[in-house]
Every structure is written in C-alpha cells, then in structure tokens.
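Structure data (PDB, C-alpha atoms) from run38.pdb:
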ATOM      1  CA  MET A   5     196.893  18.861 -55.052
ATOM      2  CA  LYS A   6     196.521  21.041 -51.971
ATOM      3  CA  ILE A   7     199.037  23.782 -51.179
ATOM      4  CA  ASN A   8     199.716  25.991 -48.189
ATOM      5  CA  TYR A   9     197.837  29.295 -48.079
ATOM      6  CA  ALA A  10     200.505  31.938 -48.648
ATOM      7  CA  LYS A  11     198.557  35.189 -49.069
ATOM      8  CA  THR A  12     199.250  37.927 -46.536
ATOM      9  CA  CYS A  13     196.969  40.571 -45.043
ATOM     10  CA  THR A  14     196.737  43.795 -47.078
ATOM     11  CA  LEU A  15     195.570  46.921 -45.274
ATOM     12  CA  PRO A  16     192.787  49.053 -46.856
ATOM     13  CA  GLN A  17     195.120  51.914 -47.809
ATOM     14  CA  ASN A  18     197.344  49.466 -49.662
ATOM     15  CA  LEU A  19     194.423  47.984 -51.577
ATOM     16  CA  ILE A  20     193.638  51.234 -53.379
ATOM     17  CA  PRO A  21     196.628  51.170 -55.787
ATOM     18  CA  LEU A  22     196.067  47.445 -56.388
ATOM     19  CA  LEU A  23     192.408  47.994 -57.363
ATOM     20  CA  ARG A  24     193.286  51.010 -59.509
ATOM     21  CA  ASN A  25     195.994  49.059 -61.310
ATOM     22  CA  ARG A  26     193.378  46.457 -62.154
ATOM     23  CA  GLY A  27     191.193  49.154 -63.743
ATOM     24  CA  LEU A  28     188.728  50.037 -60.978
ATOM     25  CA  SER A  29     187.860  53.741 -60.856
ATOM     26  CA  ILE A  30     188.175  55.174 -57.315
ATOM     27  CA  PRO A  31     187.628  58.963 -57.431
ATOM     28  CA  ASP A  32     187.650  59.488 -53.644
ATOM     29  CA  GLU A  33     190.502  57.543 -52.094
ATOM     30  CA  GLN A  34     189.842  58.425 -48.442
ATOM     31  CA  ARG A  35     186.163  57.520 -48.775
ATOM     32  CA  ALA A  36     187.072  54.168 -50.311
ATOM     33  CA  ILE A  37     189.578  53.484 -47.508
ATOM     34  CA  SER A  38     186.871  54.246 -44.954
ATOM     35  CA  TYR A  39     184.466  51.742 -46.529
ATOM     36  CA  LEU A  40     187.169  49.090 -46.889
ATOM     37  CA  THR A  41     188.053  49.591 -43.228
ATOM     38  CA  ASN A  42     184.508  49.390 -41.876
ATOM     39  CA  ILE A  43     183.090  46.736 -44.210
ATOM     40  CA  GLY A  44     186.207  44.783 -45.123
ATOM     41  CA  TYR A  45     187.662  43.983 -48.527
ATOM     42  CA  PHE A  46     186.760  40.297 -48.345
ATOM     43  CA  ARG A  47     183.051  41.090 -47.895
ATOM     44  CA  LEU A  48     183.109  43.817 -50.549
ATOM     45  CA  SER A  49     185.023  41.643 -53.019
ATOM     46  CA  ALA A  50     181.810  39.734 -53.769
ATOM     47  CA  TYR A  51     180.427  42.991 -55.178
ATOM     48  CA  PHE A  52     183.593  43.830 -57.107
ATOM     49  CA  TYR A  53     183.410  40.435 -58.816
ATOM     50  CA  PRO A  54     180.533  41.211 -61.253
ATOM     51  CA  LEU A  55     182.542  44.221 -62.474
ATOM     52  CA  LEU A  56     185.461  42.075 -63.689
ATOM     53  CA  LYS A  57     186.057  41.323 -67.357
ATOM     54  CA  GLU A  58     185.992  37.747 -68.612
ATOM     55  CA  PRO A  59     187.921  35.645 -67.820
ATOM     56  CA  LYS A  60     187.492  36.896 -64.280
ATOM     57  CA  ASN A  61     190.590  35.156 -62.944
ATOM     58  CA  ASN A  62     192.633  37.792 -64.808
ATOM     59  CA  HIS A  63     191.371  40.299 -62.213
ATOM     60  CA  THR A  64     190.890  43.093 -64.761
ATOM     61  CA  TYR A  65     187.913  45.411 -64.348
ATOM     62  CA  LYS A  66     185.499  46.475 -67.072
ATOM     63  CA  ASP A  67     185.983  49.925 -68.563
ATOM     64  CA  ASP A  68     183.020  51.418 -66.679
ATOM     65  CA  ALA A  69     183.746  49.677 -63.344
ATOM     66  CA  THR A  70     183.770  52.019 -60.356
ATOM     67  CA  PHE A  71     184.041  51.657 -56.612
ATOM     68  CA  ASP A  72     180.620  53.305 -56.290
ATOM     69  CA  LEU A  73     178.994  50.670 -58.511
ATOM     70  CA  ALA A  74     180.279  47.934 -56.196
ATOM     71  CA  LEU A  75     179.155  49.940 -53.187
ATOM     72  CA  ASP A  76     175.673  50.319 -54.680
ATOM     73  CA  MET A  77     175.453  46.534 -55.078
ATOM     74  CA  TYR A  78     176.479  46.132 -51.449
ATOM     75  CA  ARG A  79     173.893  48.677 -50.250
ATOM     76  CA  PHE A  80     171.176  47.156 -52.403
ATOM     77  CA  ASP A  81     171.968  43.665 -51.138
ATOM     78  CA  ARG A  82     171.831  44.849 -47.535
ATOM     79  CA  LYS A  83     168.439  46.520 -48.022
ATOM     80  CA  LEU A  84     167.137  43.494 -49.918
ATOM     81  CA  ARG A  85     168.148  41.192 -47.045
ATOM     82  CA  LEU A  86     166.415  43.438 -44.524
ATOM     83  CA  LEU A  87     163.251  43.488 -46.643
ATOM     84  CA  LEU A  88     163.193  39.709 -47.148
ATOM     85  CA  PHE A  89     164.053  38.963 -43.520
ATOM     86  CA  ASN A  90     161.164  41.130 -42.358
ATOM     87  CA  GLU A  91     158.671  39.305 -44.596
ATOM     88  CA  ILE A  92     160.045  35.849 -43.789
ATOM     89  CA  GLU A  93     159.540  36.663 -40.112
ATOM     90  CA  LYS A  94     155.783  36.965 -40.708
ATOM     91  CA  ILE A  95     155.709  33.558 -42.392
ATOM     92  CA  GLU A  96     157.911  31.971 -39.735
ATOM     93  CA  VAL A  97     155.716  33.248 -36.897
ATOM     94  CA  ALA A  98     152.597  32.028 -38.687
ATOM     95  CA  LEU A  99     154.096  28.553 -39.150
ATOM     96  CA  ARG A 100     155.112  28.354 -35.495
ATOM     97  CA  SER A 101     151.576  29.279 -34.503
ATOM     98  CA  ALA A 102     149.963  26.817 -36.920
ATOM     99  CA  MET A 103     152.127  23.975 -35.633
ATOM    100  CA  ASN A 104     151.443  24.895 -32.020
ATOM    101  CA  ASN A 105     147.697  25.041 -32.519
ATOM    102  CA  TRP A 106     146.917  22.160 -34.839
ATOM    103  CA  ILE A 107     149.464  19.542 -33.872
ATOM    104  CA  SER A 108     148.966  19.938 -30.131
ATOM    105  CA  ASP A 109     145.199  19.793 -30.592
ATOM    106  CA  GLU A 110     145.124  16.905 -33.080
ATOM    107  CA  LEU A 111     147.464  14.751 -30.995
ATOM    108  CA  ASN A 112     145.998  15.881 -27.682
ATOM    109  CA  ASP A 113     149.585  16.090 -26.485
ATOM    110  CA  VAL A 114     151.123  19.431 -25.542
ATOM    111  CA  PHE A 115     154.547  17.772 -25.228
ATOM    112  CA  TRP A 116     154.493  16.210 -28.706
ATOM    113  CA  MET A 117     157.659  17.949 -29.883
ATOM    114  CA  THR A 118     159.799  16.031 -27.382
ATOM    115  CA  GLU A 119     158.062  12.662 -27.795
ATOM    116  CA  ALA A 120     159.859  10.277 -30.184
ATOM    117  CA  LYS A 121     156.662   8.306 -30.885
ATOM    118  CA  HIS A 122     155.328  11.123 -33.070
ATOM    119  CA  PHE A 123     158.193  11.076 -35.579
ATOM    120  CA  ASN A 124     159.469   8.898 -38.409
ATOM    121  CA  ASN A 125     163.216   8.970 -37.881
ATOM    122  CA  PHE A 126     164.597   8.402 -34.378
ATOM    123  CA  SER A 127     168.107   9.509 -35.360
ATOM    124  CA  PHE A 128     166.791  12.841 -36.656
ATOM    125  CA  PHE A 129     164.610  13.173 -33.568
ATOM    126  CA  ALA A 130     167.589  12.627 -31.274
ATOM    127  CA  LYS A 131     169.572  15.347 -33.048
ATOM    128  CA  ARG A 132     166.682  17.790 -32.757
ATOM    129  CA  LEU A 133     166.199  16.924 -29.099
ATOM    130  CA  ALA A 134     169.865  17.712 -28.439
ATOM    131  CA  ILE A 135     169.339  21.141 -30.026
ATOM    132  CA  ILE A 136     166.165  21.657 -27.964
ATOM    133  CA  ASN A 137     168.096  20.800 -24.799
ATOM    134  CA  SER A 138     170.828  23.256 -25.731
ATOM    135  CA  GLU A 139     168.353  26.052 -26.501
ATOM    136  CA  LEU A 140     166.451  25.477 -23.258
ATOM    137  CA  ASP A 141     169.673  25.426 -21.209
ATOM    138  CA  LYS A 142     170.820  28.802 -22.503
ATOM    139  CA  SER A 143     167.418  30.475 -22.821
ATOM    140  CA  ASP A 144     166.803  33.508 -20.642
ATOM    141  CA  GLU A 145     163.189  33.896 -21.774
ATOM    142  CA  ASP A 146     160.909  34.631 -18.815
ATOM    143  CA  PHE A 147     158.435  31.913 -19.791
ATOM    144  CA  ILE A 148     161.179  29.257 -19.844
ATOM    145  CA  ILE A 149     162.584  30.385 -16.496
ATOM    146  CA  HIS A 150     159.063  30.412 -15.040
ATOM    147  CA  PHE A 151     158.370  26.891 -16.330
ATOM    148  CA  LYS A 152     161.598  25.459 -14.882
ATOM    149  CA  ARG A 153     160.910  27.105 -11.559
ATOM    150  CA  ASN A 154     157.308  25.934 -11.201
ATOM    151  CA  TYR A 155     156.903  22.596 -12.995
ATOM    152  CA  THR A 156     158.453  19.158 -12.684
ATOM    153  CA  ASN A 157     158.023  18.113 -16.342
ATOM    154  CA  PRO A 158     161.322  17.462 -18.137
ATOM    155  CA  TYR A 159     160.281  19.702 -21.041
ATOM    156  CA  PRO A 160     157.955  22.670 -21.530
ATOM    157  CA  PRO A 161     154.942  22.335 -23.833
ATOM    158  CA  ALA A 162     155.515  22.518 -27.577
ATOM    159  CA  TRP A 163     154.386  26.139 -27.944
ATOM    160  CA  MET A 164     157.136  27.270 -25.574
ATOM    161  CA  ILE A 165     159.811  25.193 -27.298
ATOM    162  CA  ALA A 166     158.651  26.490 -30.679
ATOM    163  CA  GLU A 167     159.536  30.021 -29.570
ATOM    164  CA  VAL A 168     163.178  29.234 -28.740
ATOM    165  CA  VAL A 169     164.306  26.699 -31.355
ATOM    166  CA  PRO A 170     165.713  27.846 -34.735
ATOM    167  CA  PHE A 171     163.339  28.047 -37.688
ATOM    168  CA  GLY A 172     165.273  25.285 -39.441
ATOM    169  CA  VAL A 173     164.738  22.896 -36.545
ATOM    170  CA  LEU A 174     161.050  23.699 -36.544
ATOM    171  CA  CYS A 175     160.739  22.927 -40.258
ATOM    172  CA  LYS A 176     162.618  19.645 -39.857
ATOM    173  CA  THR A 177     160.282  18.782 -36.994
ATOM    174  CA  PHE A 178     157.289  19.388 -39.238
ATOM    175  CA  ASN A 179     158.704  17.340 -42.112
ATOM    176  CA  ASP A 180     159.540  14.404 -39.834
ATOM    177  CA  LEU A 181     156.032  14.077 -38.366
ATOM    178  CA  LYS A 182     154.344  10.702 -38.760
ATOM    179  CA  TYR A 183     150.939  12.182 -39.457
ATOM    180  CA  LYS A 184     150.349  13.151 -43.078
ATOM    181  CA  SER A 185     146.799  14.299 -42.351
ATOM    182  CA  ILE A 186     148.036  16.944 -39.902
ATOM    183  CA  GLN A 187     150.832  18.021 -42.231
ATOM    184  CA  LYS A 188     148.359  18.383 -45.093
ATOM    185  CA  LYS A 189     146.008  20.451 -42.944
ATOM    186  CA  ILE A 190     148.785  22.917 -42.180
ATOM    187  CA  ALA A 191     150.022  22.991 -45.780
ATOM    188  CA  ASN A 192     146.479  23.562 -47.042
ATOM    189  CA  TYR A 193     146.095  26.488 -44.670
ATOM    190  CA  PHE A 194     148.926  28.140 -46.595
ATOM    191  CA  ALA A 195     147.163  27.243 -49.880
ATOM    192  CA  LEU A 196     149.739  24.614 -50.827
ATOM    193  CA  SER A 197     150.048  20.875 -51.276
ATOM    194  CA  LEU A 198     152.236  19.098 -48.718
ATOM    195  CA  PRO A 199     155.210  18.401 -51.072
ATOM    196  CA  VAL A 200     155.317  22.031 -52.200
ATOM    197  CA  PHE A 201     154.915  23.395 -48.678
ATOM    198  CA  SER A 202     157.670  21.150 -47.307
ATOM    199  CA  SER A 203     160.127  22.154 -50.022
ATOM    200  CA  TRP A 204     159.245  25.834 -49.699
ATOM    201  CA  THR A 205     159.887  25.880 -45.953
ATOM    202  CA  VAL A 206     163.353  24.403 -46.549
ATOM    203  CA  SER A 207     164.022  27.088 -49.178
ATOM    204  CA  LEU A 208     162.899  29.829 -46.807
ATOM    205  CA  VAL A 209     165.174  28.517 -44.062
ATOM    206  CA  SER A 210     168.187  28.751 -46.389
ATOM    207  CA  LEU A 211     167.184  32.265 -47.511
ATOM    208  CA  ARG A 212     166.531  33.356 -43.933
ATOM    209  CA  ASN A 213     169.991  32.140 -42.946
ATOM    210  CA  LEU A 214     171.601  34.096 -45.780
ATOM    211  CA  CYS A 215     169.790  37.221 -44.646
ATOM    212  CA  GLY A 216     170.377  36.636 -40.942
ATOM    213  CA  HIS A 217     174.115  36.089 -41.387
ATOM    214  CA  HIS A 218     174.508  39.126 -43.687
ATOM    215  CA  ASN A 219     175.660  36.976 -46.605
ATOM    216  CA  ARG A 220     175.530  38.008 -50.243
ATOM    217  CA  THR A 221     172.027  37.253 -51.453
ATOM    218  CA  TRP A 222     170.978  39.310 -54.457
ATOM    219  CA  ASN A 223     172.684  37.352 -57.267
ATOM    220  CA  LYS A 224     173.432  34.108 -55.462
ATOM    221  CA  GLU A 225     172.508  30.732 -56.905
ATOM    222  CA  ILE A 226     170.707  28.758 -54.191
ATOM    223  CA  PRO A 227     171.175  25.036 -54.848
ATOM    224  CA  ILE A 228     168.370  23.842 -52.561
ATOM    225  CA  SER A 229     165.584  22.705 -54.858
ATOM    226  CA  SER A 230     162.016  23.947 -54.494
ATOM    227  CA  HIS A 231     158.899  22.390 -55.956
ATOM    228  CA  ASN A 232     156.967  24.494 -58.409
ATOM    229  CA  LEU A 233     153.335  25.238 -57.700
ATOM    230  CA  ASN A 234     151.178  23.559 -60.336
ATOM    231  CA  ASN A 235     147.677  24.393 -59.104
ATOM    232  CA  PRO A 236     147.912  27.744 -57.342
ATOM    233  CA  VAL A 237     145.045  29.042 -55.257
ATOM    234  CA  PHE A 238     146.424  32.578 -55.466
ATOM    235  CA  PRO A 239     148.027  34.379 -58.430
ATOM    236  CA  TRP A 240     151.373  32.819 -59.372
ATOM    237  CA  ILE A 241     154.194  33.037 -61.919
ATOM    238  CA  ASN A 242     155.103  31.302 -65.156
ATOM    239  CA  PRO A 243     157.626  28.599 -64.150
ATOM    240  CA  ALA A 244     158.759  28.163 -67.754
ATOM    241  CA  ILE A 245     160.537  31.524 -67.644
ATOM    242  CA  THR A 246     161.762  31.312 -64.036
ATOM    243  CA  ASP A 247     165.138  30.124 -62.776
ATOM    244  CA  MET A 248     164.171  28.301 -59.587
ATOM    245  CA  LYS A 249     167.713  28.474 -58.207
ATOM    246  CA  ARG A 250     167.804  32.267 -58.128
ATOM    247  CA  VAL A 251     166.581  34.600 -55.416
ATOM    248  CA  TYR A 252     163.670  35.831 -57.560
ATOM    249  CA  PHE A 253     161.918  32.485 -57.142
ATOM    250  CA  ARG A 254     162.368  32.727 -53.352
ATOM    251  CA  ILE A 255     160.937  36.237 -53.472
ATOM    252  CA  CYS A 256     157.908  34.812 -55.305
ATOM    253  CA  ILE A 257     157.518  32.156 -52.599
ATOM    254  CA  ILE A 258     157.444  34.881 -49.955
ATOM    255  CA  LYS A 259     154.868  36.891 -51.897
ATOM    256  CA  TYR A 260     152.613  33.853 -52.352
ATOM    257  CA  LEU A 261     152.701  32.889 -48.668
ATOM    258  CA  LEU A 262     151.925  36.466 -47.676
ATOM    259  CA  PHE A 263     148.518  36.113 -49.341
ATOM    260  CA  THR A 264     147.641  33.938 -46.339
ATOM    261  CA  VAL A 265     149.628  35.367 -43.437
ATOM    262  CA  SER A 266     149.483  39.074 -44.333
ATOM    263  CA  PRO A 267     146.859  39.706 -47.018
ATOM    264  CA  HIS A 268     147.203  43.492 -46.870
ATOM    265  CA  ASN A 269     150.990  43.518 -47.047
ATOM    266  CA  THR A 270     152.958  46.153 -48.953
ATOM    267  CA  PHE A 271     155.733  43.811 -50.040
ATOM    268  CA  THR A 272     155.243  44.449 -53.756
ATOM    269  CA  GLN A 273     155.474  48.215 -53.333
ATOM    270  CA  LYS A 274     158.564  47.914 -51.143
ATOM    271  CA  LEU A 275     160.279  45.606 -53.626
ATOM    272  CA  LYS A 276     159.528  47.858 -56.579
ATOM    273  CA  SER A 277     160.684  50.899 -54.621
ATOM    274  CA  LEU A 278     163.980  49.210 -53.759
ATOM    275  CA  LEU A 279     164.626  48.247 -57.385
ATOM    276  CA  THR A 280     163.830  51.805 -58.473
ATOM    277  CA  GLU A 281     166.247  53.194 -55.882
ATOM    278  CA  TYR A 282     169.097  51.154 -57.409
ATOM    279  CA  PRO A 283     168.623  51.246 -61.194
ATOM    280  CA  THR A 284     172.151  49.968 -61.913
ATOM    281  CA  ILE A 285     171.435  46.587 -60.322
ATOM    282  CA  ASP A 286     171.290  43.736 -62.839
ATOM    283  CA  ILE A 287     167.994  42.098 -61.901
ATOM    284  CA  LYS A 288     168.553  39.392 -64.524
ATOM    285  CA  ALA A 289     171.340  38.113 -62.269
ATOM    286  CA  MET A 290     168.692  37.753 -59.556
ATOM    287  CA  GLY A 291     166.518  35.645 -61.850
ATOM    288  CA  PHE A 292     163.921  38.312 -62.648
ATOM    289  CA  PRO A 293     162.405  37.545 -66.059
ATOM    290  CA  VAL A 294     161.646  40.235 -68.614
ATOM    291  CA  ASN A 295     158.358  42.015 -67.800
ATOM    292  CA  TRP A 296     158.206  40.333 -64.391
ATOM    293  CA  GLN A 297     155.805  42.990 -63.132
ATOM    294  CA  GLN A 298     153.198  41.723 -65.581
ATOM    295  CA  GLU A 299     153.102  38.281 -63.956
ATOM    296  CA  PRO A 300     149.813  37.580 -62.125
ATOM    297  CA  LEU A 301     151.618  37.326 -58.776
ATOM    298  CA  TRP A 302     152.730  40.970 -58.920
ATOM    299  CA  LYS A 303     149.541  42.485 -60.330
TER
END

Using structure tokens, write down the structure from this file.
Amino acid sequence: MKINYAKTCTLPQNLIPLLRNRGLSIPDEQRAISYLTNIGYFRLSAYFYPLLKEPKNNHTYKDDATFDLALDMYRFDRKLRLLLFNEIEKIEVALRSAMNNWISDELNDVFWMTEAKHFNNFSFFAKRLAIINSELDKSDEDFIIHFKRNYTNPYPPAWMIAEVVPFGVLCKTFNDLKYKSIQKKIANYFALSLPVFSSWTVSLVSLRNLCGHHNRTWNKEIPISSHNLNNPVFPWINPAITDMKRVYFRICIIKYLLFTVSPHNTFTQKLKSLLTEYPTIDIKAMGFPVNWQQEPLWK
C-alpha cells in the first residue's frame, strides 16, 4: 500500500550528528559539511551505502566506515565515468561515420535516415523522426543553419542528422534497418557478428547515459543484456568467470571495440592507473574477476 512521503529536508550541518550516531567516522566536520553542501547528501548516500552493516536497512555503519572512504568511492566513480565517456566517444564517432559512409553509399540515398521505406517498423520510425525534427528545430550548428538557409529539401542528408541526434537514436536507427547485408558489413568492420554488435551498441548507450548524467556507475548492476562474443577476432575474456551485468563487462566491450577504432589507445594503462590510485575500491563489486589482468584482452 502506498503512503504519503513524510520525510523533511535535513541541512548538511544537521546530517553530521545523524551519520556519527549511526557509526560513521567523520574526523573533520567542517570539511564534511562542505562536501555535503556542494555534492548533496542524496548523491553521496549511494557511496555511504556499501559501508553499512547487514541488514542495511538498520542504517548502522561498519566499524571501519569513514566519510573519507565514501568520498574516495565518489571520486573514483567520477574519474571512472570520465574515462569511460572519453573512450565511448571514440566508438560513437566511429559508428556515426560508418553509418554515414556505408549506408548512404549502399542505398544511393543521402536522405535514407528520414525515409520510412528503409526501415522495418513504421511506429519506431515515426518516433525517431519526431526526435529528429526536435533536434533539427533546436540545433544551432552552423551546418544545419546553412542547410536550412540554402536548400529546399525537408531534411538534411543523413550525415548531418547523424551529428545532431542522440547516440541512442542512432543505434535504434541502425537496428531497425531493413538491410541485413549492410548491417553485417558495419558489424564486421568492428570485428563482430551482427547480433553481438547490435546488443553491444545498446549496452554502450546505457553506459554512456550513466556517465553523461553523472550517475553512480562503478558498482551498478546494468540489467540490459549483452551477447557474449563466441568467436573473437581480437583478444577477449573468459565469459565463464564474468558477470555480464556488471560494469566490468562493459569496460571489456569498450576495450574490444577500441582495437578497431583506436588501435594505439592507452585505455588499459589509464584503467590500471585509476585502480591503483584508489586501492580501497572493491573491484569485485564492479565485476572484475580474480587475476583479470591476466585475461588475453588486457595483455
């Protein structure tokens, strides 16, 4: 049965005694108040949560729980999101380019993205077209303004639209295409089968959104399913010891795709450096298996 929400707002300075009473060590009160003021308790509470004793709904902290441990988790998560977002950008840009080049050329239609005849599901197409219209209406990109000013076509060519629509819309556009041969050509470019590539793009969209909206990422369970790679072209991982719902598997996806889009990347070094910088982080909660660095993907 639903009830009315009755909790009131508690100011940062009033949270300190509450957290201390629950067993959280806060050596520097003014510093803690500053962080609670500028980050917010609700956002930080996700990082206090792993420090609670079981059952967690008793709201009692473990004996070694400190404010700094929670803050380290927050800082680590922020740096992890920045790292992943930067690498996903490379993959996203490469996918936009691949779609622009191959689909436009194969169909001999530069306006294919706004033509219903090229897609399987008209309802999905109509929803995407509404988003395209919205993005074009509000876009202040010079190339969109120039196109509207100089051409009579109702829509710009696909390569212009691909630069202004969200990554998620682009991936849905790809997955809804009628032409399996074109989809397979693009998937094969990234050294993947079409089913794996399609599922991986969906997974990357969800991870990108977590990173882009500054949401907790490091220990989050991501329910969107991803296909495992059975016949890898590049070094891969052992799926038998990998939790495919954890962020580690998404990190592996990024690393694998970088073999194609950025072969000389330094992602592995950056990831290892970040984990070394924060030794208190529980990487098992991220899905990292024991001896993960010995997996072929990371060697």

Could you state which residues are captured by the PyMOL selection byres ((chain A and resi 66) around 10) in this file, as a PyMOL selection string?
chain A and resi 26-29+54-58+63-65+67-70

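Residues matching the PyMOL selection byres ((chain A and resi 78) around 10) in this structure come to Ile43, Arg47, Leu48, Ser49, Ala50, Tyr51, Phe52, Asp72, Leu73, Ala74, Leu75, Asp76, Met77, Arg79, Phe80, Asp81, Arg82, Lys83, Leu84, Arg220, Thr221 and Trp222 of chain A.
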
Just checking: using all atoms listed in the file, which residue out of A:Ala134, A:Met5, A:Met164, A:Ile285 ends up closest to Asp146 in chain A?
A:Met164

Point-to-point distance in Å for CA of Arg254 in chain A and CA of Leu174 in chain A
19.1 Å

For range 287-291 of chain A: contacts at 12 Å, only C-alpha atoms, fewer than 2 positions along chain excluded, given as JSON, numbers by chain:
{"A": [54, 77, 80, 81, 84, 220, 221, 222, 223, 224, 225, 226, 243, 245, 246, 247, 248, 249, 250, 251, 252, 253, 254, 255, 256, 275, 276, 278, 279, 280, 282, 283, 284, 285, 293, 294, 295, 296]}

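In this model, the gap between CA of Phe271 in chain A and CA of Ile165 in chain A comes to 29.7 Å.
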
Out of A:Thr12, A:Phe46, A:Asn192, A:Glu91, which residue has the shortest atom-to-atom distance to Thr270 in chain A when counting all atoms listed in the file?
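Distance minimum relative to Thr270 in chain A lands on A:Glu91.
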
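The spacing separating CA of Asn154 in chain A from CA of Val114 in chain A amounts to 16.9 Å.
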
Where does the PyMOL selection byres ((chain A and resi 122-126) around 9) land in this file, that is, which residues does it pick, as number ranges by chain?
A: 111, 116-121, 127-131, 177, 180-183

For each of A:Gly44, A:Pro227, A:Pro236, A:Gly216, take the minimum atom-to-atom distance to Leu88 in chain A, counting only C-alpha atoms, then give the residue where this is smallest.
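For Leu88 in chain A, the nearest of the given residues is A:Gly216.
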
With all atoms listed in the file as the atoms that count, which of A:Asn25, A:Thr264, A:Asn157, A:Asn235 lies nearest to Ser197 in chain A?
A:Asn235

Could you check which residues have any atom within 12 Å of (149.2, 24.1, -45.6), counting all atoms listed in the file with coordinates taken straight from the file, and then list them as a ChimeraX atom specification?
/A:95,98-99,102-103,106,178,184-205,237,261,264-265

Keeping only C-alpha atoms, write those residues as a compact mmCIF listing (two decimals), keeping the file's coordinate frame.
# COMPACT_ATOMS: atom_id res chain seq x y z
CA ILE A 95 155.71 33.56 -42.39
CA ALA A 98 152.60 32.03 -38.69
CA LEU A 99 154.10 28.55 -39.15
CA ALA A 102 149.96 26.82 -36.92
CA MET A 103 152.13 23.98 -35.63
CA TRP A 106 146.92 22.16 -34.84
CA PHE A 178 157.29 19.39 -39.24
CA LYS A 184 150.35 13.15 -43.08
CA SER A 185 146.80 14.30 -42.35
CA ILE A 186 148.04 16.94 -39.90
CA GLN A 187 150.83 18.02 -42.23
CA LYS A 188 148.36 18.38 -45.09
CA LYS A 189 146.01 20.45 -42.94
CA ILE A 190 148.78 22.92 -42.18
CA ALA A 191 150.02 22.99 -45.78
CA ASN A 192 146.48 23.56 -47.04
CA TYR A 193 146.10 26.49 -44.67
CA PHE A 194 148.93 28.14 -46.60
CA ALA A 195 147.16 27.24 -49.88
CA LEU A 196 149.74 24.61 -50.83
CA SER A 197 150.05 20.88 -51.28
CA LEU A 198 152.24 19.10 -48.72
CA PRO A 199 155.21 18.40 -51.07
CA VAL A 200 155.32 22.03 -52.20
CA PHE A 201 154.92 23.40 -48.68
CA SER A 202 157.67 21.15 -47.31
CA SER A 203 160.13 22.15 -50.02
CA TRP A 204 159.24 25.83 -49.70
CA THR A 205 159.89 25.88 -45.95
CA VAL A 237 145.04 29.04 -55.26
CA LEU A 261 152.70 32.89 -48.67
CA THR A 264 147.64 33.94 -46.34
CA VAL A 265 149.63 35.37 -43.44

Residues at most 8 Å from range 300-303 of chain A, counting only C-alpha atoms, excluding those fewer than 5 positions away in the same chain, as a PyMOL selection string?
chain A and resi 238-241+256+259-260+272

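Between Ala244 in chain A and the residues A:Asn62, A:Thr41, A:Ala162, A:Asn232, the shortest atom-to-atom distance, using all atoms listed in the file, involves A:Asn232.
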
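Take the candidates A:Asp32, A:Ile37, A:Ile135, A:Ser207 and check each one against Leu15 in chain A using all atoms listed in the file; the shortest distance goes to A:Ile37.
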
Adding 4 Å on each side of the box along x, y and z that holds all listed atoms of range 73-92 of chain A, could you give its centre and edge lengths in Å to one decimal, as AutoDock Vina command-line options?
--center_x 169.5 --center_y 43.3 --center_z -50.4 --size_x 29.6 --size_y 22.8 --size_z 24.2

Reconstruct range 22-33 of chain A at the level of N, CA and C atoms, and format the result as a CSV table (one decimal), in the frame of the given file.
chain,number,residue,atom,x,y,z
A,22,LEU,N,196.3,48.8,-55.8
A,22,LEU,CA,196.1,47.4,-56.4
A,22,LEU,C,194.8,47.4,-57.2
A,23,LEU,N,193.7,48.0,-56.7
A,23,LEU,CA,192.4,48.0,-57.4
A,23,LEU,C,192.5,48.9,-58.6
A,24,ARG,N,193.1,50.1,-58.4
A,24,ARG,CA,193.3,51.0,-59.5
A,24,ARG,C,194.1,50.4,-60.6
A,25,ASN,N,195.2,49.7,-60.3
A,25,ASN,CA,196.0,49.1,-61.3
A,25,ASN,C,195.2,48.0,-62.1
A,26,ARG,N,194.2,47.5,-61.5
A,26,ARG,CA,193.4,46.5,-62.2
A,26,ARG,C,192.3,47.1,-63.0
A,27,GLY,N,192.2,48.4,-62.9
A,27,GLY,CA,191.2,49.2,-63.7
A,27,GLY,C,190.0,49.7,-63.0
A,28,LEU,N,189.9,49.6,-61.7
A,28,LEU,CA,188.7,50.0,-61.0
A,28,LEU,C,188.9,51.5,-60.7
A,29,SER,N,187.8,52.3,-61.1
A,29,SER,CA,187.9,53.7,-60.9
A,29,SER,C,187.5,54.0,-59.4
A,30,ILE,N,188.4,54.8,-58.7
A,30,ILE,CA,188.2,55.2,-57.3
A,30,ILE,C,188.4,56.7,-57.2
A,31,PRO,N,187.4,57.5,-57.4
A,31,PRO,CA,187.6,59.0,-57.4
A,31,PRO,C,188.0,59.5,-56.1
A,32,ASP,N,187.4,59.0,-55.0
A,32,ASP,CA,187.6,59.5,-53.6
A,32,ASP,C,188.4,58.4,-52.8
A,33,GLU,N,189.7,58.6,-52.7
A,33,GLU,CA,190.5,57.5,-52.1
A,33,GLU,C,190.2,57.4,-50.6
